[in-house]
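Source file: start.cif; contents: mmCIF, C-alpha atoms.
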```
data_entry
#
loop_
_atom_site.label_atom_id
_atom_site.label_comp_id
_atom_site.auth_asym_id
_atom_site.auth_seq_id
_atom_site.Cartn_x
_atom_site.Cartn_y
_atom_site.Cartn_z
CA MET P 1031 22.45 27.26 19.83
CA ASP P 1032 23.53 29.50 16.98
CA LEU P 1033 21.27 29.07 13.96
CA TRP P 1034 22.89 31.68 11.70
CA PRO P 1035 25.58 29.40 10.18
CA VAL P 1036 23.02 26.75 9.22
CA LEU P 1037 20.20 29.10 8.27
CA GLY P 1038 20.61 28.67 4.49
CA PRO P 1039 20.44 24.84 4.44
CA LEU P 1040 17.71 24.90 7.10
CA VAL P 1041 15.52 27.15 4.94
CA VAL P 1042 15.91 24.73 2.02
CA VAL P 1043 14.77 21.77 4.16
CA LEU P 1044 11.92 23.77 5.71
CA ALA P 1045 10.67 24.96 2.32
CA LEU P 1046 10.71 21.45 0.80
CA GLY P 1047 9.04 19.89 3.84
CA THR P 1048 6.39 22.57 4.23
CA ALA P 1049 5.42 22.44 0.54
CA GLY P 1050 4.75 18.70 0.75
CA LEU P 1051 2.81 18.89 4.02
CA ALA P 1052 0.71 21.77 2.69
CA ALA P 1053 -0.02 20.16 -0.70
CA VAL P 1054 -1.35 16.86 0.60
CA GLY P 1055 -2.95 18.52 3.64
CA THR P 1056 -4.93 20.95 1.47
CA LEU P 1057 -6.17 18.16 -0.77
CA PHE P 1058 -7.43 15.98 2.08
CA ALA P 1059 -8.77 18.95 4.07
CA ALA P 1060 -10.89 20.10 1.11
CA MET P 1061 -12.25 16.58 0.79
CA THR P 1062 -12.95 15.75 4.42
CA ALA P 1063 -14.39 19.20 5.23
CA GLN P 1064 -17.51 18.13 3.35
CA LEU P 1065 -17.95 14.84 5.23
CA ARG P 1066 -19.31 13.63 8.50
CA ALA P 1067 -16.70 12.22 10.90
CA ARG P 1068 -14.16 14.62 9.37
CA GLU P 1069 -12.22 14.82 12.65
CA LEU P 1070 -11.62 11.09 12.38
CA LEU P 1071 -11.06 10.77 8.64
CA PHE P 1072 -8.67 13.66 8.12
CA PRO P 1073 -5.82 12.35 10.32
CA VAL P 1074 -6.36 8.74 9.18
CA LEU P 1075 -5.93 9.76 5.54
CA LEU P 1076 -3.24 12.35 6.19
CA LEU P 1077 -0.84 10.43 8.42
CA PRO P 1078 0.29 7.72 5.95
CA ALA P 1079 0.62 10.32 3.17
CA GLN P 1080 2.84 12.43 5.41
CA VAL P 1081 5.12 9.64 6.60
CA PRO P 1082 7.76 10.14 3.87
CA ILE P 1083 7.70 13.94 4.24
CA LEU P 1084 8.07 13.76 8.01
CA LEU P 1085 10.87 11.16 7.85
CA GLY P 1086 12.74 13.14 5.20
CA ALA P 1087 12.29 16.55 6.79
CA VAL P 1088 13.20 15.36 10.29
CA SER P 1089 16.28 13.45 9.11
CA ALA P 1090 17.50 16.33 6.96
CA THR P 1091 16.87 18.90 9.72
CA GLN P 1092 18.80 16.76 12.18
CA ALA P 1093 21.79 16.55 9.84
CA VAL P 1094 21.72 20.28 9.10
CA LEU P 1095 21.56 21.20 12.79
CA LEU P 1096 24.56 18.94 13.43
CA GLY P 1097 26.45 21.11 10.96
CA GLN P 1098 26.64 18.64 8.08
CA PRO P 1099 26.59 20.12 4.54
CA LEU P 1100 23.47 19.67 2.41
CA GLY P 1101 25.37 17.23 0.19
CA GLU P 1102 25.24 14.71 3.07
CA VAL P 1103 21.44 14.66 2.92
CA ALA P 1104 21.07 15.04 -0.87
CA HIS P 1105 19.08 11.78 -1.05
CA TRP P 1106 16.54 13.13 1.47
CA LEU P 1107 16.28 16.45 -0.36
CA LYS P 1108 15.66 14.61 -3.63
CA LEU P 1109 12.99 12.49 -1.94
CA LEU P 1110 11.32 15.57 -0.46
CA ALA P 1111 11.43 17.37 -3.81
CA GLY P 1112 10.06 14.30 -5.58
CA ALA P 1113 7.27 13.91 -3.02
CA ASP P 1114 6.46 17.63 -3.33
CA VAL P 1115 6.17 17.35 -7.12
CA VAL P 1116 4.00 14.20 -6.90
CA TYR P 1117 1.65 15.66 -4.27
CA ILE P 1118 1.34 19.06 -5.95
CA VAL P 1119 0.73 17.59 -9.42
CA ILE P 1120 -1.83 15.06 -8.15
CA GLY P 1121 -3.40 17.81 -6.04
CA LEU P 1122 -3.74 20.13 -9.03
CA LEU P 1123 -5.11 17.38 -11.26
CA THR P 1124 -7.67 16.02 -8.80
CA PHE P 1125 -8.75 19.13 -6.90
CA GLU P 1126 -11.59 19.96 -9.29
CA PHE P 1127 -13.06 16.49 -8.74
CA ILE P 1128 -13.25 17.17 -5.02
CA LEU P 1129 -14.91 20.55 -5.38
CA GLU P 1130 -17.45 19.74 -8.09
CA ALA P 1131 -21.19 19.33 -7.36
CA MET J 880 -17.60 -18.94 -15.66
CA THR J 881 -16.90 -17.34 -12.31
CA ARG J 882 -17.76 -20.60 -10.59
CA ALA J 883 -15.28 -22.50 -12.79
CA LEU J 884 -12.61 -19.96 -11.85
CA GLY J 885 -13.45 -20.58 -8.20
CA TRP J 886 -12.94 -24.33 -8.52
CA LEU J 887 -9.72 -23.71 -10.46
CA ALA J 888 -8.53 -21.50 -7.59
CA VAL J 889 -9.42 -24.21 -5.04
CA ALA J 890 -7.50 -26.79 -7.07
CA ALA J 891 -4.52 -24.42 -7.34
CA VAL J 892 -4.54 -23.74 -3.59
CA ALA J 893 -4.60 -27.52 -2.96
CA ALA J 894 -1.64 -27.88 -5.34
CA GLY J 895 0.05 -24.99 -3.55
CA LEU J 896 -0.39 -26.67 -0.16
CA TRP J 897 1.08 -29.89 -1.53
CA ALA J 898 3.97 -27.96 -3.13
CA GLY J 899 4.66 -26.06 0.08
CA PHE J 900 4.34 -28.92 2.57
CA GLY J 901 5.02 -32.04 0.49
CA TYR J 902 7.18 -31.25 -2.49
CA ALA J 903 9.44 -28.48 -1.23
CA PRO J 904 12.31 -29.72 0.99
CA ARG J 905 12.78 -28.64 4.59
CA GLU J 906 14.96 -25.53 4.57
CA VAL J 907 18.41 -26.18 6.07
CA VAL J 908 18.86 -23.13 8.30
CA GLN J 909 15.35 -22.07 9.30
CA GLY J 910 13.65 -25.48 9.28
CA ASN J 911 9.90 -25.79 8.73
CA VAL J 912 9.27 -22.18 9.73
CA GLN J 913 10.52 -21.18 6.29
CA ARG J 914 7.36 -22.71 4.77
CA ILE J 915 5.42 -19.63 5.89
CA MET J 916 7.15 -17.95 2.95
CA TYR J 917 4.81 -19.83 0.58
CA LEU J 918 1.92 -17.83 2.02
CA HIS J 919 3.78 -14.61 2.92
CA VAL J 920 5.40 -13.76 -0.42
CA PRO J 921 2.44 -14.62 -2.71
CA SER J 922 0.17 -12.62 -0.38
CA VAL J 923 2.19 -9.45 -0.68
CA LEU J 924 2.48 -9.84 -4.46
CA THR J 925 -1.30 -10.28 -4.65
CA ALA J 926 -1.79 -7.20 -2.47
CA TYR J 927 0.36 -5.14 -4.86
CA LEU J 928 -1.69 -6.43 -7.79
CA ALA J 929 -4.87 -5.42 -5.95
CA PHE J 930 -3.64 -1.89 -5.21
CA GLY J 931 -2.54 -1.55 -8.83
CA LEU J 932 -6.13 -2.34 -9.83
CA VAL J 933 -7.40 0.23 -7.32
CA LEU J 934 -5.31 2.80 -9.22
CA VAL J 935 -6.69 1.61 -12.58
CA GLY J 936 -10.26 1.75 -11.28
CA SER J 937 -9.74 5.18 -9.70
CA VAL J 938 -8.26 6.80 -12.82
CA GLY J 939 -10.90 5.08 -14.96
CA TYR J 940 -13.72 6.35 -12.77
CA LEU J 941 -12.55 9.98 -12.82
CA ALA J 942 -12.05 9.82 -16.59
CA THR J 943 -15.27 8.07 -17.61
CA ARG J 944 -17.58 8.24 -14.54
CA ARG J 945 -18.66 4.67 -15.18
CA ASN J 946 -19.67 2.86 -12.01
CA SER J 947 -17.96 -0.33 -13.15
CA PHE J 948 -14.59 1.37 -12.53
CA ASP J 949 -15.66 2.40 -9.05
CA ARG J 950 -16.74 -1.17 -8.33
CA LEU J 951 -13.36 -2.43 -9.54
CA ALA J 952 -11.48 0.02 -7.30
CA SER J 953 -13.54 -0.61 -4.17
CA SER J 954 -13.57 -4.40 -4.56
CA ALA J 955 -9.83 -4.59 -5.25
CA ALA J 956 -9.13 -2.35 -2.23
CA GLU J 957 -11.03 -4.64 0.14
CA ILE J 958 -9.22 -7.75 -1.06
CA GLY J 959 -5.89 -5.90 -1.09
CA VAL J 960 -6.35 -4.97 2.56
CA LEU J 961 -7.14 -8.62 3.31
CA PHE J 962 -3.94 -9.84 1.63
CA THR J 963 -1.85 -7.09 3.23
CA GLY J 964 -3.23 -8.26 6.58
CA ILE J 965 -2.29 -11.86 5.77
CA THR J 966 1.20 -10.66 4.82
CA ILE J 967 1.68 -8.81 8.09
CA VAL J 968 0.29 -11.61 10.28
CA SER J 969 2.21 -14.39 8.51
CA GLY J 970 5.39 -12.29 8.61
CA SER J 971 4.89 -11.75 12.33
CA ILE J 972 4.52 -15.48 12.98
CA TRP J 973 7.68 -16.11 10.96
CA GLY J 974 9.54 -13.24 12.62
CA LYS J 975 9.03 -14.49 16.20
CA PRO J 976 11.16 -17.69 15.86
CA THR J 977 13.52 -16.25 13.22
CA TRP J 978 14.28 -12.72 14.41
CA GLY J 979 13.08 -13.24 17.98
CA THR J 980 10.39 -10.57 17.75
CA TRP J 981 6.79 -10.30 16.49
CA TRP J 982 7.29 -6.79 15.19
CA THR J 983 10.11 -4.33 14.64
CA TRP J 984 10.20 -0.94 12.93
CA ASP J 985 12.27 -2.24 10.07
CA ALA J 986 11.98 -0.56 6.65
CA ARG J 987 9.83 -3.09 4.80
CA LEU J 988 7.65 -3.82 7.82
CA THR J 989 7.03 -0.12 8.31
CA SER J 990 6.21 0.52 4.65
CA THR J 991 3.82 -2.45 4.61
CA ALA J 992 2.14 -1.10 7.75
CA VAL J 993 1.80 2.31 6.07
CA LEU J 994 0.33 0.61 2.99
CA PHE J 995 -2.21 -1.13 5.23
CA VAL J 996 -3.21 2.16 6.89
CA VAL J 997 -3.57 3.95 3.51
CA TYR J 998 -6.10 1.45 2.20
CA VAL J 999 -7.91 1.03 5.52
CA GLY J 1000 -8.32 4.82 5.31
CA TYR J 1001 -9.62 4.38 1.75
CA LEU J 1002 -12.27 1.90 2.93
CA LEU J 1003 -13.14 4.07 5.93
CA LEU J 1004 -13.66 7.07 3.63
CA ARG J 1005 -15.98 5.01 1.43
CA ALA J 1006 -18.00 4.00 4.47
CA MET J 1007 -18.43 7.64 5.51
CA VAL J 1008 -19.90 9.00 2.25
CA GLU J 1009 -23.55 8.14 1.56
CA GLU J 1010 -23.91 9.62 -1.90
CA PRO J 1011 -22.51 7.10 -4.46
CA GLU J 1012 -21.27 9.67 -6.97
CA ALA J 1013 -19.36 11.73 -4.39
CA ARG J 1014 -18.08 8.53 -2.77
CA GLY J 1015 -16.63 7.42 -6.10
CA ARG J 1016 -14.91 10.77 -6.70
CA TYR J 1017 -13.37 11.09 -3.24
CA ALA J 1018 -12.29 7.47 -3.11
CA ALA J 1019 -10.70 7.76 -6.56
CA VAL J 1020 -8.57 10.71 -5.40
CA VAL J 1021 -7.41 8.74 -2.36
CA GLY J 1022 -6.82 5.67 -4.54
CA ILE J 1023 -4.58 7.64 -6.91
CA LEU J 1024 -2.64 9.40 -4.17
CA GLY J 1025 -2.26 6.15 -2.24
CA ALA J 1026 -0.70 4.38 -5.21
CA ALA J 1027 1.64 7.30 -5.96
CA ASN J 1028 2.63 7.25 -2.31
CA ILE J 1029 3.83 3.62 -2.34
CA PRO J 1030 7.26 4.22 -3.97
CA ILE J 1031 7.86 7.41 -1.94
CA VAL J 1032 7.12 5.62 1.33
CA HIS J 1033 9.25 2.70 0.18
CA PHE J 1034 12.39 4.80 -0.27
CA SER J 1035 11.86 7.05 2.73
CA VAL J 1036 11.50 4.13 5.08
CA LYS J 1037 14.34 2.20 3.43
CA TRP J 1038 16.81 5.04 4.08
CA TRP J 1039 15.44 5.41 7.57
CA ARG J 1040 16.40 1.83 8.61
CA ALA J 1041 16.75 -1.80 7.44
CA LEU J 1042 16.61 -5.36 8.95
CA HIS J 1043 14.32 -7.26 6.56
CA GLN J 1044 16.27 -9.14 3.90
CA PRO J 1045 16.16 -7.37 0.53
CA SER J 1046 13.71 -8.66 -2.06
CA THR J 1047 15.09 -11.84 -3.63
CA ILE J 1048 12.58 -12.43 -6.40
CA LEU J 1049 11.95 -8.90 -7.67
CA GLY J 1050 15.59 -7.79 -7.48
CA PRO J 1051 17.79 -7.26 -10.55
CA GLU J 1052 20.16 -10.23 -9.99
CA PRO J 1053 19.24 -13.82 -10.87
CA SER J 1054 17.39 -15.42 -7.96
CA PRO J 1055 19.58 -17.45 -5.55
CA ILE J 1056 16.55 -19.47 -4.37
CA ALA J 1057 16.86 -23.26 -4.81
CA ALA J 1058 14.77 -24.57 -7.72
CA PRO J 1059 12.21 -26.68 -5.74
CA ILE J 1060 11.56 -23.81 -3.34
CA ALA J 1061 11.16 -21.38 -6.23
CA LEU J 1062 8.73 -23.76 -7.94
CA ALA J 1063 6.65 -24.19 -4.77
CA LEU J 1064 6.60 -20.42 -4.40
CA PHE J 1065 5.47 -20.02 -8.01
CA VAL J 1066 2.62 -22.54 -7.63
CA ASN J 1067 1.40 -20.73 -4.51
CA TRP J 1068 1.66 -17.36 -6.24
CA VAL J 1069 -0.50 -18.63 -9.13
CA ALA J 1070 -2.96 -20.10 -6.60
CA LEU J 1071 -3.36 -16.85 -4.65
CA THR J 1072 -3.65 -14.82 -7.85
CA LEU J 1073 -6.47 -17.10 -9.05
CA MET J 1074 -8.12 -16.85 -5.64
CA PHE J 1075 -7.82 -13.07 -5.85
CA ALA J 1076 -9.38 -13.01 -9.33
CA TYR J 1077 -12.28 -15.12 -8.05
CA PHE J 1078 -12.85 -12.92 -4.99
CA LEU J 1079 -12.66 -9.81 -7.17
CA LEU J 1080 -15.25 -11.00 -9.70
CA ARG J 1081 -17.62 -12.11 -6.91
CA ARG J 1082 -17.20 -8.85 -5.00
CA MET J 1083 -17.75 -6.72 -8.10
CA GLU J 1084 -20.89 -8.68 -8.96
CA LEU J 1085 -22.13 -8.17 -5.39
CA ALA J 1086 -21.43 -4.42 -5.64
CA ARG J 1087 -23.36 -4.28 -8.92
CA ARG J 1088 -26.37 -5.97 -7.33
CA GLU J 1089 -26.17 -3.64 -4.33
CA GLU J 1090 -26.32 -0.67 -6.70
CA GLU J 1091 -29.32 -2.16 -8.50
CA ALA J 1092 -31.14 -2.84 -5.25
CA LEU J 1093 -30.57 0.70 -3.99
CA ARG J 1094 -31.49 2.39 -7.25
#
```
Mind turning this structure into structure tokens?
Amino acid sequence: MDLWPVLGPLVVVLALGTAGLAAVGTLFAAMTAQLRARELLFPVLLLPAQVPILLGAVSATQAVLLGQPLGEVAHWLKLLAGADVVYIVIGLLTFEFILEA
Amino acid sequence: MTRALGWLAVAAVAAGLWAGFGYAPREVVQGNVQRIMYLHVPSVLTAYLAFGLVLVGSVGYLATRRNSFDRLASSAAEIGVLFTGITIVSGSIWGKPTWGTWWTWDARLTSTAVLFVVYVGYLLLRAMVEEPEARGRYAAVVGILGAANIPIVHFSVKWWRALHQPSTILGPEPSPIAAPIALALFVNWVALTLMFAYFLLRRMELARREEEALR
């Protein structure tokens, strides 16, 4: 399929989705890296936090690939942006508590 | 003091049972199955209260480093998971005769399941860290992120799909619930909240004694 016509909207969705996944993933990875049973704990903590990001990113990507304009998925983009802000802000505020000692 | 609260909670639960099974009329459409609502709805409200207190305890612990905040957060999380479990199980039992299925990936069911997994993860994390100070810090971060996650999950799952009826009590419009049913619901809500308060005080006291014994 030809991606060029939808590349612009696709990049927007990818950027918003990736930022959220990375923010919450980094926070939990830094925490669980110091623990025993990290292979178990990391996905258990990460999955529920990523549910909204995955739902939003997948739904928005689907719409974009079907050729719909970004306005059709504005609610998903707002949700992704909101989740990104929440995860990044909480990540910045709490990261020092994870790394101390 | 705590003991008196316990007896008050027992009395309130007895009153709630009477209100739910004796006082409230049989619902016209659903029949007696509807009475599960008197357990289901107060349980989920109590669970939200518990997770709110987990947030309070988590922020308080990171700000002050007082163990009492950590005990509040951990105790409230345990009881919150219990009440979320009751909500899911009672909803399932109601859903089988009413919707014809034990479980479906409807919006509110899914977000409640996610809520359950978040706080089970919180308890699992606590169980995996030996050192009390580090355990408090890590758990607090998860407690804060978990609470912030609740509204985001709520909207994402709501736009994803919907079968559960919208919230009747917490919505903006005046409640269309018949007065006796609303009253029975209210009595049961008070009863479960008192029961929650009793469990919480007992659990926090137990956590305090555990800390003393291990010191």
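Among the candidate residues J:Ala955, J:Leu1071, J:Ala1057, J:Ala1006, the one lying nearest to chain P is J:Ala1006, with distances computed using all atoms listed in the file.
One distance worth recording is that between atom CA of J:Glu1010 and atom CA of J:Val935, which is 21.8 Å.
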Problem set entry | Residue IDs satisfying the PyMOL selection byres ((chain J) within 7 of (chain P)), as a ChimeraX atom specification | /J:993,996-997,1000,1004,1007-1008,1016-1017,1020,1024,1028,1031-1032,1035
Problem set entry | Shortest interatomic distance to J:Ile915 - which of J:Trp973, J:Phe962, J:Phe900, J:Phe1078, counting only C-alpha atoms | J:Trp973
For this session: Rounded to one decimal place, report the atom CA of J:Arg944-atom CA of J:Leu1079 distance in Å.
Result: 20.1 Å
Problem set entry | Shell around stretch 926-931 of chain J at 7 Å using only C-alpha atoms, local window under 2 positions removed, as an MDAnalysis selection string | chainID J and resid 922:924 933:935 955:956 958:959 962:963 1026
Problem set entry | Gap from atom CA of J:Asp985 to atom CA of J:Val1036 - Å, one decimal |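 Those two atoms sit 8.1 Å apart.
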Exercise. Could you name the residues that touch J:Gln913 at 12 Å or less, counting only C-alpha atoms, but leaving out those on the same chain fewer than 5 positions away, as number ranges by chain?
Worked result: J: 899-900, 903-908, 918-920, 969-970, 972-974, 976-977, 1060, 1064
Exercise. Quick one: residues within 9 Å of J:Gly936, all atoms listed in the file counted, chain neighbours fewer than 4 positions away excluded, as a list in words?
Worked result: Gly931, Leu932, Tyr940, Leu941, Ser947, Phe948, Asp949, Arg950, Leu951, Ala952, Ser953, Ala955, Ala1019 and Gly1022 of chain J
The selected residues should be written to file as a JSON list (two decimals), in the coordinates of the input (atoms: C-alpha atoms).
```json
[["chain", "number", "residue", "atom", "x", "y", "z"],
["J", 931, "GLY", "CA", -2.54, -1.55, -8.83],
["J", 932, "LEU", "CA", -6.13, -2.34, -9.83],
["J", 940, "TYR", "CA", -13.72, 6.35, -12.77],
["J", 941, "LEU", "CA", -12.55, 9.98, -12.82],
["J", 947, "SER", "CA", -17.96, -0.33, -13.15],
["J", 948, "PHE", "CA", -14.59, 1.37, -12.53],
["J", 949, "ASP", "CA", -15.66, 2.40, -9.05],
["J", 950, "ARG", "CA", -16.74, -1.17, -8.33],
["J", 951, "LEU", "CA", -13.36, -2.43, -9.54],
["J", 952, "ALA", "CA", -11.48, 0.02, -7.30],
["J", 953, "SER", "CA", -13.54, -0.61, -4.17],
["J", 955, "ALA", "CA", -9.83, -4.59, -5.25],
["J", 1019, "ALA", "CA", -10.70, 7.76, -6.56],
["J", 1022, "GLY", "CA", -6.82, 5.67, -4.54]]
```
Problem set entry | Top pick for closest residue to P:Asp1114, considering J:Ala1027, J:Leu1073, J:Ala1092, J:Leu1062 and counting all atoms listed in the file |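 Nearest to P:Asp1114: J:Ala1027.
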Problem set entry | Expected selection from the PyMOL selection byres ((chain P and resi 1093) around 12), given as a ChimeraX atom specification | /P:1036,1039-1040,1043,1086-1092,1094-1104,1106-1107
Just-selected residues, C-alpha atoms written as a compact mmCIF listing (two decimals), keeping the file's coordinate frame:
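Heads up, here's the output in again33.txt:
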```
# COMPACT_ATOMS: atom_id res chain seq x y z
CA VAL P 1036 23.02 26.75 9.22
CA PRO P 1039 20.44 24.84 4.44
CA LEU P 1040 17.71 24.90 7.10
CA VAL P 1043 14.77 21.77 4.16
CA GLY P 1086 12.74 13.14 5.20
CA ALA P 1087 12.29 16.55 6.79
CA VAL P 1088 13.20 15.36 10.29
CA SER P 1089 16.28 13.45 9.11
CA ALA P 1090 17.50 16.33 6.96
CA THR P 1091 16.87 18.90 9.72
CA GLN P 1092 18.80 16.76 12.18
CA VAL P 1094 21.72 20.28 9.10
CA LEU P 1095 21.56 21.20 12.79
CA LEU P 1096 24.56 18.94 13.43
CA GLY P 1097 26.45 21.11 10.96
CA GLN P 1098 26.64 18.64 8.08
CA PRO P 1099 26.59 20.12 4.54
CA LEU P 1100 23.47 19.67 2.41
CA GLY P 1101 25.37 17.23 0.19
CA GLU P 1102 25.24 14.71 3.07
CA VAL P 1103 21.44 14.66 2.92
CA ALA P 1104 21.07 15.04 -0.87
CA TRP P 1106 16.54 13.13 1.47
CA LEU P 1107 16.28 16.45 -0.36
```
For this session: Run the PyMOL selection byres ((chain J and resi 988) around 12) on the file and write out the hits as a count of residues only.
Result: 34
For this session: List the residues sitting within 12 Å of (-18.1, -18.0, -12.4) in the file's frame, using all atoms listed in the file, as a VMD selection string.
Result: chain J and resid 880 to 888 1076 to 1082 1084
Exercise. With distances taken over all atoms listed in the file, which of J:Tyr917, J:Arg1005, J:Glu1012, J:Glu1091 is nearest to J:Val892?
Worked result: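 So, comparing all the options, the nearest one is J:Tyr917.
Minimum atom-to-atom distances from J:Val1066, J:Ile1056, J:Ala942, J:Ala1018 to J:Gly895 were compared using all atoms listed in the file, and the lowest value belongs to J:Val1066.
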